[in-house]
$ cat coords-v4.cif   # mmCIF, C-alpha atoms
data_start
#
loop_
_atom_site.label_atom_id
_atom_site.label_comp_id
_atom_site.auth_asym_id
_atom_site.auth_seq_id
_atom_site.Cartn_x
_atom_site.Cartn_y
_atom_site.Cartn_z
CA MET U 1 104.62 48.23 48.95
CA THR U 2 101.73 45.87 49.75
CA PRO U 3 98.83 45.47 47.27
CA LYS U 4 96.66 47.51 49.62
CA GLU U 5 99.24 50.32 49.82
CA LEU U 6 99.72 50.28 46.04
CA VAL U 7 95.99 50.49 45.30
CA LEU U 8 95.43 53.28 47.82
CA ALA U 9 98.33 55.23 46.32
CA LEU U 10 96.90 54.77 42.81
CA PHE U 11 93.36 55.68 43.86
CA THR U 12 94.55 58.80 45.67
CA ALA U 13 96.72 59.87 42.74
CA ALA U 14 93.88 59.41 40.24
CA PHE U 15 90.80 60.60 42.12
CA VAL U 16 92.09 62.93 44.87
CA ASP U 17 95.32 64.48 43.59
CA HIS U 18 94.47 64.12 39.87
CA ASP U 19 98.13 63.43 39.15
CA PRO U 20 98.68 61.40 35.93
CA GLU U 21 102.43 61.23 36.49
CA ALA U 22 101.86 59.46 39.82
CA VAL U 23 99.32 57.11 38.25
CA MET U 24 101.36 55.94 35.25
CA PRO U 25 104.07 53.88 37.03
CA ARG U 26 101.47 52.14 39.20
CA VAL U 27 99.36 50.80 36.31
CA HIS U 28 100.25 48.19 33.69
CA PRO U 29 100.04 49.50 30.09
CA GLU U 30 97.59 46.67 29.26
CA TYR U 31 95.41 47.43 32.29
CA VAL U 32 92.19 45.41 31.92
CA GLN U 33 89.09 47.51 32.52
CA HIS U 34 85.65 46.10 33.40
CA ASN U 35 83.79 49.37 34.01
CA PRO U 36 81.31 49.28 31.11
CA GLN U 37 81.74 52.97 30.26
CA VAL U 38 85.55 53.23 30.26
CA ALA U 39 87.80 51.83 27.55
CA THR U 40 90.40 49.26 28.51
CA GLY U 41 94.11 50.04 28.88
CA ARG U 42 96.18 52.48 30.92
CA ASP U 43 95.80 55.31 28.42
CA ALA U 44 92.02 55.34 28.90
CA LEU U 45 92.44 55.61 32.67
CA MET U 46 94.90 58.45 32.22
CA GLY U 47 92.41 60.24 29.99
CA LEU U 48 89.72 59.94 32.67
CA ILE U 49 91.75 61.83 35.30
CA PRO U 50 91.34 65.39 33.90
CA LEU U 51 87.62 64.76 33.37
CA VAL U 52 87.24 63.82 37.04
CA GLU U 53 89.17 66.90 38.11
CA GLN U 54 87.12 69.22 35.90
CA SER U 55 83.86 67.76 37.21
CA GLY U 56 84.71 68.71 40.80
CA MET U 57 83.88 65.21 41.99
CA THR U 58 85.31 64.19 45.37
CA VAL U 59 85.74 60.77 46.95
CA THR U 60 85.78 59.40 50.49
CA THR U 61 86.92 55.81 51.01
CA HIS U 62 85.33 54.17 54.04
CA ARG U 63 86.63 50.60 53.89
CA VAL U 64 89.62 48.83 52.37
CA ILE U 65 89.99 45.06 52.47
CA ALA U 66 92.58 42.92 50.74
CA GLU U 67 93.30 39.27 50.17
CA GLY U 68 96.16 38.01 48.04
CA ASP U 69 96.37 40.09 44.86
CA LEU U 70 92.87 41.60 45.18
CA VAL U 71 92.01 44.88 46.94
CA VAL U 72 88.48 46.21 47.50
CA LEU U 73 87.66 49.86 48.17
CA HIS U 74 84.23 50.89 49.49
CA SER U 75 83.81 54.57 48.67
CA GLN U 76 81.41 57.46 48.26
CA PHE U 77 81.69 59.87 45.34
CA ASP U 78 80.13 63.30 45.90
CA ASN U 79 79.39 66.10 43.42
CA ALA U 80 79.16 63.28 40.90
CA HIS U 81 76.53 64.84 38.63
CA ALA U 82 78.75 64.35 35.59
CA PHE U 83 78.70 60.62 36.33
CA GLY U 84 74.96 60.29 36.80
CA ALA U 85 73.99 61.37 40.35
CA PRO U 86 74.78 63.90 43.09
CA SER U 87 76.35 61.10 45.18
CA LEU U 88 77.35 57.55 44.31
CA ALA U 89 78.15 54.50 46.44
CA ALA U 90 80.91 52.43 44.88
CA PHE U 91 82.87 49.26 45.21
CA ASP U 92 86.16 49.17 43.29
CA VAL U 93 88.16 45.96 43.00
CA PHE U 94 91.75 46.03 41.79
CA ARG U 95 94.06 43.13 40.94
CA VAL U 96 97.79 43.59 41.49
CA GLU U 97 100.53 41.68 39.73
CA ASP U 98 104.31 42.19 39.91
CA GLY U 99 104.00 45.50 41.74
CA VAL U 100 101.49 47.20 39.43
CA VAL U 101 97.71 47.29 39.08
CA VAL U 102 96.64 45.13 36.15
CA GLU U 103 92.83 44.84 36.35
CA HIS U 104 89.80 46.72 37.69
CA TRP U 105 86.13 45.96 38.36
CA ASP U 106 83.56 48.31 39.90
CA ASN U 107 79.91 48.90 40.60
CA LEU U 108 78.19 52.26 41.17
CA GLN U 109 74.76 53.16 42.53
CA PRO U 110 73.12 56.53 43.26
CA ILE U 111 72.69 57.26 46.98
CA PRO U 112 69.08 58.14 47.84
CA ASP U 113 68.03 60.81 50.33
CA ALA U 114 66.36 58.24 52.62
CA THR U 115 66.65 54.51 53.27
CA VAL U 116 64.21 51.94 54.65
CA SER U 117 66.46 50.98 57.59
CA GLY U 118 67.54 54.54 58.39
CA ARG U 119 71.18 53.59 57.80
CA GLY U 120 73.30 55.13 55.08
CA MET U 121 74.80 53.09 52.27
CA LEU U 122 78.34 53.49 53.64
CA ASP U 123 78.13 54.19 57.38
CA GLY U 124 78.85 51.63 60.10
CA PRO U 125 81.95 49.82 61.39
CA THR U 126 85.18 50.02 59.43
CA GLU U 127 87.74 48.29 61.69
CA ILE U 128 89.13 44.99 60.43
CA THR U 129 89.29 42.41 63.24
CA ASP U 130 89.49 38.62 63.68
CA LEU U 131 92.16 38.06 61.03
CA ASP U 132 92.52 34.49 62.23
CA GLN U 133 88.89 33.88 61.21
CA THR U 134 89.26 35.03 57.60
CA GLU U 135 88.84 31.61 55.97
CA ALA U 136 85.99 30.55 58.26
CA ASN U 137 84.16 33.82 57.63
CA LYS U 138 84.63 33.47 53.89
CA GLU U 139 83.18 29.96 53.97
CA LEU U 140 80.23 31.20 56.06
CA VAL U 141 79.37 34.05 53.69
CA LEU U 142 79.73 31.95 50.55
CA GLY U 143 77.39 29.39 52.11
CA PHE U 144 74.87 32.17 52.74
CA VAL U 145 75.20 33.43 49.16
CA VAL U 146 74.63 29.97 47.67
CA ASP U 147 71.94 28.72 50.06
CA VAL U 148 69.96 31.87 50.82
CA LEU U 149 70.53 34.36 48.01
CA GLY U 150 71.04 31.73 45.33
CA GLY U 151 68.07 29.73 46.60
CA ALA U 152 69.81 26.38 47.05
CA ASN U 153 68.57 25.95 50.63
CA PRO U 154 67.00 29.14 52.04
CA SER U 155 65.60 27.31 55.07
CA ASN U 156 69.21 26.90 56.25
CA VAL U 157 69.44 30.64 57.00
CA THR U 158 69.98 30.22 60.76
CA ALA U 159 73.28 28.45 60.05
CA TYR U 160 74.57 31.78 58.77
CA MET U 161 72.80 34.50 60.75
CA ASP U 162 70.45 35.33 63.58
CA PRO U 163 67.31 36.33 61.64
CA GLU U 164 66.73 39.21 64.05
CA VAL U 165 70.29 40.57 63.92
CA TYR U 166 71.01 41.66 60.38
CA MET U 167 71.85 45.36 60.03
CA GLN U 168 70.96 46.44 56.53
CA HIS U 169 72.52 49.22 54.43
CA ASN U 170 70.74 48.43 51.16
CA PRO U 171 68.53 51.52 50.84
CA ASN U 172 65.44 49.52 49.87
CA ILE U 173 65.53 46.73 52.46
CA ALA U 174 64.58 46.70 56.15
CA ASP U 175 66.68 45.10 58.89
CA GLY U 176 66.59 41.40 59.73
CA TYR U 177 66.01 38.35 57.61
CA ALA U 178 62.34 39.27 57.45
CA GLY U 179 63.28 42.52 55.72
CA LEU U 180 65.30 40.59 53.14
CA VAL U 181 62.45 38.15 52.50
CA ASP U 182 59.93 40.99 52.19
CA ALA U 183 62.17 42.73 49.65
CA ILE U 184 62.64 39.57 47.58
CA GLU U 185 58.88 39.00 47.55
CA SER U 186 58.24 42.63 46.61
CA PHE U 187 60.74 42.45 43.76
CA ALA U 188 59.18 39.19 42.56
CA ALA U 189 55.73 40.81 42.52
CA GLN U 190 57.18 43.41 40.16
CA GLY U 191 58.57 40.71 37.88
CA GLN U 192 62.11 41.06 39.25
CA VAL U 193 62.67 37.39 40.14
CA ILE U 194 66.29 36.31 40.62
CA THR U 195 66.84 33.15 38.57
CA ALA U 196 70.65 32.99 38.77
CA PHE U 197 73.18 34.23 41.30
CA GLU U 198 76.79 33.31 40.63
CA PRO U 199 79.71 34.57 42.79
CA ARG U 200 82.53 35.77 40.55
CA LEU U 201 84.94 37.59 42.91
CA VAL U 202 85.50 36.92 46.61
CA VAL U 203 87.78 38.93 48.90
CA ALA U 204 87.93 38.35 52.65
CA GLU U 205 89.94 39.97 55.39
CA GLY U 206 89.07 39.17 58.99
CA ASN U 207 85.48 40.10 59.82
CA PHE U 208 84.70 41.50 56.34
CA VAL U 209 83.83 39.38 53.31
CA PHE U 210 83.18 40.88 49.86
CA VAL U 211 81.45 38.97 47.07
CA ALA U 212 80.79 40.24 43.54
CA SER U 213 78.12 38.17 41.80
CA GLU U 214 76.67 37.96 38.35
CA ALA U 215 72.89 37.57 38.52
CA VAL U 216 69.86 37.31 36.31
CA MET U 217 66.90 39.30 37.64
CA GLY U 218 63.69 39.76 35.72
CA GLY U 219 65.39 38.08 32.78
CA ASP U 220 68.14 40.73 32.62
CA PRO U 221 71.80 40.57 33.71
CA TRP U 222 72.71 42.39 36.93
CA ALA U 223 75.86 42.85 39.02
CA PHE U 224 75.59 42.52 42.80
CA PHE U 225 78.61 43.74 44.78
CA ASP U 226 78.03 42.81 48.45
CA LEU U 227 80.00 43.26 51.66
CA TRP U 228 79.16 41.40 54.85
CA ARG U 229 80.46 41.81 58.39
CA VAL U 230 80.76 38.69 60.51
CA GLU U 231 80.77 38.62 64.31
CA ASP U 232 81.18 35.53 66.50
CA GLY U 233 80.59 33.18 63.59
CA LEU U 234 77.40 34.80 62.26
CA ILE U 235 76.65 37.45 59.64
CA VAL U 236 75.48 40.65 61.36
CA GLU U 237 75.70 43.47 58.78
CA HIS U 238 75.41 44.02 55.03
CA TRP U 239 76.28 46.71 52.47
CA ASP U 240 75.80 46.47 48.72
CA VAL U 241 75.93 48.23 45.37
CA VAL U 242 73.64 46.84 42.69
CA SER U 243 73.41 47.79 39.03
CA PRO U 244 72.18 46.37 35.72
CA ILE U 245 74.81 45.13 33.30
CA PRO U 246 74.51 47.02 30.01
CA GLU U 247 74.58 45.18 26.72
CA ALA U 248 76.93 47.69 25.09
CA MET U 249 80.33 48.37 26.68
CA ALA U 250 83.37 50.46 25.87
CA HIS U 251 85.48 47.27 25.63
CA GLU U 252 85.15 43.52 25.14
CA ASN U 253 86.17 42.50 28.69
CA GLY U 254 82.68 42.11 30.10
CA LYS U 255 81.51 43.23 33.53
CA PHE U 256 83.41 40.39 35.19
#
$ encode --input "coords-v4.cif" --output "structure tokens"
Amino acid sequence: MTPKELVLALFTAAFVDHDPEAVMPRVHPEYVQHNPQVATGRDALMGLIPLVEQSGMTVTTHRVIAEGDLVVLHSQFDNAHAFGAPSLAAFDVFRVEDGVVVEHWDNLQPIPDATVSGRGMLDGPTEITDLDQTEANKELVLGFVVDVLGGANPSNVTAYMDPEVYMQHNPNIADGYAGLVDAIESFAAQGQVITAFEPRLVVAEGNFVFVASEAVMGGDPWAFFDLWRVEDGLIVEHWDVVSPIPEAMAHENGKF
């Protein structure tokens, strides 16, 4: 079973079938949890399954990308009132070792009724292509993250994207590089200036590149989980899930 197959089997068993017996052999007993609200260890995950079932929450996974021992799921949770919102956009990242899942990171964000671009937080292309371009696409996106989002050299943006061709799924940002700049300036005017942006997890498969970053915005710690689609050597589309990092957590593992 590949890491991708293992993670999909685990995710389905836990959040679709609600089957603890199917979950147990796929998870290491010392499973390391980074979700701030869930305790670490396999037993805590097992205890979450009946709560999910009782809540009536459902999940639809739109994208799955994998590289090495890391697997990323891009999903929508509906009827998620018990977890903070009617619908949630989510990125889940799982690390596999010796045929079992050993570690998990995630980020969740409520899905609004309307978005600035008119696109949903999870719609758009899902097909993985250009597998031979995985490394080049990863290098491209990381350059964009450091230069443009991290502020090292924002004027170099055209090396990474056509400023007019940037399809945006962040609910608060318009299309194009101009939309991104306008949003950054608007956030800054509200005191939400990004002063640090550090990539912590990177997973690439073909035309999709995922980066989870630890940021400081407005003086507070935030987690940015971003997914970019690359086409013909340029970034053309972006999805994300953004959330503040709470000071108090159910474990000592940290968000990352």
$ resolve_selection --input "coords-v4.cif" --expression "the PyMOL selection byres ((chain U and resi 95-109) around 7)" --output "number ranges by chain"
U: 3, 26-28, 31-35, 69-71, 88-94, 110-111, 225, 241-243, 256
$ closest_residue --input "coords-v4.cif" --among "U:Val230, U:Ala204, U:Ala178, U:Ala188" --to "Gly218 (chain U)" --atoms "only C-alpha atoms"
U:Ala188
$ residues_around --input "coords-v4.cif" --residues "Leu234 (chain U)" --least-positions-apart "6" --cutoff "10 Å" --atoms "all atoms listed in the file" --output "JSON, numbers by chain"
{"U": [137, 140, 141, 158, 159, 160, 161, 162, 165, 166, 207]}
$ closest_atom_pairs --input "coords-v4.cif" --of "region 185-226 of chain U" --to "region 47-66 of chain U" --cutoff "9 Å" --atoms "all atoms listed in the file" --output "Markdown table"
| residue | atom | partner | partner_atom | distance |
| --- | --- | --- | --- | --- |
| U:Val203 | CA | U:Ala66 | CA | 6.5 |
| U:Ala204 | CA | U:Ala66 | CA | 6.8 |
| U:Glu205 | CA | U:Ile65 | CA | 5.9 |
| U:Gly206 | CA | U:Ile65 | CA | 8.8 |
| U:Phe208 | CA | U:Ile65 | CA | 7.5 |
| U:Val209 | CA | U:Ile65 | CA | 8.4 |
| U:Phe210 | CA | U:Ile65 | CA | 8.4 |
$ closest_residue --input "coords-v4.cif" --among "U:Ile235, U:Ala174, U:Ile194, U:Val181" --to "Gly143 (chain U)" --atoms "all atoms listed in the file"
U:Ile235
$ closest_residue --input "coords-v4.cif" --among "U:Val145, U:Leu227, U:Ala152, U:Met217" --to "Pro244 (chain U)" --atoms "all atoms listed in the file"
U:Met217
$ resolve_selection --input "coords-v4.cif" --expression "the PyMOL selection byres ((chain U and resi 122) around 8)" --output "ChimeraX atom specification"
/U:62,74-76,89,120-121,123-124,169,239
$ write_last_selection --input "coords-v4.cif" --atoms "C-alpha atoms" --output "PDB file, in the frame of the given file"
ATOM      1  CA  HIS U  62      85.330  54.170  54.040  1.00  0.00           C
ATOM      2  CA  HIS U  74      84.230  50.890  49.490  1.00  0.00           C
ATOM      3  CA  SER U  75      83.810  54.570  48.670  1.00  0.00           C
ATOM      4  CA  GLN U  76      81.410  57.460  48.260  1.00  0.00           C
ATOM      5  CA  ALA U  89      78.150  54.500  46.440  1.00  0.00           C
ATOM      6  CA  GLY U 120      73.300  55.130  55.080  1.00  0.00           C
ATOM      7  CA  MET U 121      74.800  53.090  52.270  1.00  0.00           C
ATOM      8  CA  ASP U 123      78.130  54.190  57.380  1.00  0.00           C
ATOM      9  CA  GLY U 124      78.850  51.630  60.100  1.00  0.00           C
ATOM     10  CA  HIS U 169      72.520  49.220  54.430  1.00  0.00           C
ATOM     11  CA  TRP U 239      76.280  46.710  52.470  1.00  0.00           C
TER      12      TRP U 239
END
$ atom_distance --input "coords-v4.cif" --atom1 "CA of Phe15 (chain U)" --atom2 "CA of Leu45 (chain U)"
10.8 Å
$ atom_distance --input "coords-v4.cif" --atom1 "CA of Ala136 (chain U)" --atom2 "CA of Asp232 (chain U)"
10.8 Å
$ resolve_selection --input "coords-v4.cif" --expression "the PyMOL selection byres ((chain U and resi 197) around 9)" --output "VMD selection string"
chain U and resid 145 to 146 149 to 151 194 to 196 198 to 199 213 to 217 224
$ atom_distance --input "coords-v4.cif" --atom1 "CA of Ala223 (chain U)" --atom2 "CA of Gly254 (chain U)"
11.3 Å
$ closest_residue --input "coords-v4.cif" --among "U:Pro246, U:Asp240, U:Glu135, U:Glu252" --to "Pro221 (chain U)" --atoms "all atoms listed in the file"
U:Pro246
$ residues_around --input "coords-v4.cif" --residues "Pro20 (chain U)" --least-positions-apart "6" --cutoff "8 Å" --atoms "only C-alpha atoms" --output "ChimeraX atom specification"
/U:13-14,46,49
$ closest_residue --input "coords-v4.cif" --among "U:Thr2, U:Asn253, U:Thr126, U:Ser87" --to "Arg229 (chain U)" --atoms "all atoms listed in the file"
U:Thr126
$ closest_residue --input "coords-v4.cif" --among "U:Asp182, U:Glu67, U:Glu247, U:Asp130" --to "Gly233 (chain U)" --atoms "all atoms listed in the file"
U:Asp130
$ decode --input "coords-v4.cif" --residues "region 106-135 of chain U" --atoms "N, CA and C atoms" --output "PDB file, in the first residue's frame"
ATOM      1  N   ASP U 106      -2.792  19.913  10.520  1.00  0.00           N
ATOM      2  CA  ASP U 106      -3.942  20.370   9.740  1.00  0.00           C
ATOM      3  C   ASP U 106      -4.205  21.844   9.971  1.00  0.00           C
ATOM      4  N   ASN U 107      -5.043  22.402   9.117  1.00  0.00           N
ATOM      5  CA  ASN U 107      -5.505  23.766   9.253  1.00  0.00           C
ATOM      6  C   ASN U 107      -6.943  23.815   8.766  1.00  0.00           C
ATOM      7  N   LEU U 108      -7.798  24.528   9.506  1.00  0.00           N
ATOM      8  CA  LEU U 108      -9.230  24.591   9.223  1.00  0.00           C
ATOM      9  C   LEU U 108      -9.673  26.047   9.157  1.00  0.00           C
ATOM     10  N   GLN U 109     -10.619  26.335   8.258  1.00  0.00           N
ATOM     11  CA  GLN U 109     -11.131  27.694   8.123  1.00  0.00           C
ATOM     12  C   GLN U 109     -12.595  27.647   7.705  1.00  0.00           C
ATOM     13  N   PRO U 110     -13.465  28.409   8.354  1.00  0.00           N
ATOM     14  CA  PRO U 110     -14.868  28.451   7.929  1.00  0.00           C
ATOM     15  C   PRO U 110     -15.001  28.920   6.481  1.00  0.00           C
ATOM     16  N   ILE U 111     -15.941  28.315   5.754  1.00  0.00           N
ATOM     17  CA  ILE U 111     -16.200  28.689   4.365  1.00  0.00           C
ATOM     18  C   ILE U 111     -17.305  29.742   4.340  1.00  0.00           C
ATOM     19  N   PRO U 112     -17.027  30.920   3.790  1.00  0.00           N
ATOM     20  CA  PRO U 112     -18.054  31.968   3.763  1.00  0.00           C
ATOM     21  C   PRO U 112     -19.080  31.727   2.664  1.00  0.00           C
ATOM     22  N   ASP U 113     -20.182  32.461   2.733  1.00  0.00           N
ATOM     23  CA  ASP U 113     -21.229  32.334   1.709  1.00  0.00           C
ATOM     24  C   ASP U 113     -20.801  32.917   0.375  1.00  0.00           C
ATOM     25  N   ALA U 114     -19.935  33.936   0.386  1.00  0.00           N
ATOM     26  CA  ALA U 114     -19.501  34.585  -0.853  1.00  0.00           C
ATOM     27  C   ALA U 114     -18.005  34.856  -0.782  1.00  0.00           C
ATOM     28  N   THR U 115     -17.368  34.930  -1.946  1.00  0.00           N
ATOM     29  CA  THR U 115     -15.948  35.233  -2.024  1.00  0.00           C
ATOM     30  C   THR U 115     -15.720  36.401  -2.974  1.00  0.00           C
ATOM     31  N   VAL U 116     -14.593  37.068  -2.826  1.00  0.00           N
ATOM     32  CA  VAL U 116     -14.275  38.229  -3.661  1.00  0.00           C
ATOM     33  C   VAL U 116     -14.125  37.835  -5.125  1.00  0.00           C
ATOM     34  N   SER U 117     -13.479  36.708  -5.392  1.00  0.00           N
ATOM     35  CA  SER U 117     -13.220  36.291  -6.777  1.00  0.00           C
ATOM     36  C   SER U 117     -14.404  35.597  -7.425  1.00  0.00           C
ATOM     37  N   GLY U 118     -15.376  35.151  -6.604  1.00  0.00           N
ATOM     38  CA  GLY U 118     -16.487  34.367  -7.118  1.00  0.00           C
ATOM     39  C   GLY U 118     -16.196  32.881  -7.168  1.00  0.00           C
ATOM     40  N   ARG U 119     -14.963  32.492  -6.853  1.00  0.00           N
ATOM     41  CA  ARG U 119     -14.599  31.070  -6.798  1.00  0.00           C
ATOM     42  C   ARG U 119     -14.786  30.551  -5.385  1.00  0.00           C
ATOM     43  N   GLY U 120     -15.080  29.252  -5.280  1.00  0.00           N
ATOM     44  CA  GLY U 120     -15.166  28.636  -3.974  1.00  0.00           C
ATOM     45  C   GLY U 120     -13.791  28.341  -3.419  1.00  0.00           C
ATOM     46  N   MET U 121     -13.722  27.968  -2.155  1.00  0.00           N
ATOM     47  CA  MET U 121     -12.442  27.681  -1.526  1.00  0.00           C
ATOM     48  C   MET U 121     -11.851  26.342  -1.957  1.00  0.00           C
ATOM     49  N   LEU U 122     -12.674  25.482  -2.589  1.00  0.00           N
ATOM     50  CA  LEU U 122     -12.161  24.160  -2.961  1.00  0.00           C
ATOM     51  C   LEU U 122     -12.427  23.767  -4.404  1.00  0.00           C
ATOM     52  N   ASP U 123     -13.137  24.589  -5.179  1.00  0.00           N
ATOM     53  CA  ASP U 123     -13.412  24.188  -6.554  1.00  0.00           C
ATOM     54  C   ASP U 123     -12.180  24.395  -7.432  1.00  0.00           C
ATOM     55  N   GLY U 124     -12.298  24.002  -8.707  1.00  0.00           N
ATOM     56  CA  GLY U 124     -11.175  24.131  -9.626  1.00  0.00           C
ATOM     57  C   GLY U 124     -10.568  22.797  -9.991  1.00  0.00           C
ATOM     58  N   PRO U 125      -9.486  22.807 -10.777  1.00  0.00           N
ATOM     59  CA  PRO U 125      -8.864  21.576 -11.263  1.00  0.00           C
ATOM     60  C   PRO U 125      -8.371  20.674 -10.140  1.00  0.00           C
ATOM     61  N   THR U 126      -8.446  19.376 -10.395  1.00  0.00           N
ATOM     62  CA  THR U 126      -7.977  18.395  -9.419  1.00  0.00           C
ATOM     63  C   THR U 126      -6.963  17.415 -10.010  1.00  0.00           C
ATOM     64  N   GLU U 127      -6.870  17.349 -11.332  1.00  0.00           N
ATOM     65  CA  GLU U 127      -6.017  16.343 -11.982  1.00  0.00           C
ATOM     66  C   GLU U 127      -4.541  16.670 -11.795  1.00  0.00           C
ATOM     67  N   ILE U 128      -3.780  15.672 -11.381  1.00  0.00           N
ATOM     68  CA  ILE U 128      -2.329  15.817 -11.248  1.00  0.00           C
ATOM     69  C   ILE U 128      -1.689  15.508 -12.603  1.00  0.00           C
ATOM     70  N   THR U 129      -0.910  16.454 -13.107  1.00  0.00           N
ATOM     71  CA  THR U 129      -0.224  16.300 -14.392  1.00  0.00           C
ATOM     72  C   THR U 129       1.250  16.690 -14.220  1.00  0.00           C
ATOM     73  N   ASP U 130       2.008  16.556 -15.307  1.00  0.00           N
ATOM     74  CA  ASP U 130       3.398  17.046 -15.355  1.00  0.00           C
ATOM     75  C   ASP U 130       4.259  16.498 -14.227  1.00  0.00           C
ATOM     76  N   LEU U 131       4.183  15.195 -13.989  1.00  0.00           N
ATOM     77  CA  LEU U 131       4.967  14.602 -12.907  1.00  0.00           C
ATOM     78  C   LEU U 131       6.463  14.817 -13.090  1.00  0.00           C
ATOM     79  N   ASP U 132       6.894  14.924 -14.339  1.00  0.00           N
ATOM     80  CA  ASP U 132       8.314  15.136 -14.597  1.00  0.00           C
ATOM     81  C   ASP U 132       8.774  16.547 -14.228  1.00  0.00           C
ATOM     82  N   GLN U 133       7.823  17.422 -13.911  1.00  0.00           N
ATOM     83  CA  GLN U 133       8.153  18.801 -13.548  1.00  0.00           C
ATOM     84  C   GLN U 133       8.032  19.056 -12.043  1.00  0.00           C
ATOM     85  N   THR U 134       7.884  17.988 -11.265  1.00  0.00           N
ATOM     86  CA  THR U 134       7.658  18.160  -9.826  1.00  0.00           C
ATOM     87  C   THR U 134       8.729  19.010  -9.164  1.00  0.00           C
ATOM     88  N   GLU U 135       9.993  18.685  -9.353  1.00  0.00           N
ATOM     89  CA  GLU U 135      11.065  19.411  -8.672  1.00  0.00           C
ATOM     90  C   GLU U 135      11.156  20.855  -9.143  1.00  0.00           C
TER      91      GLU U 135
END
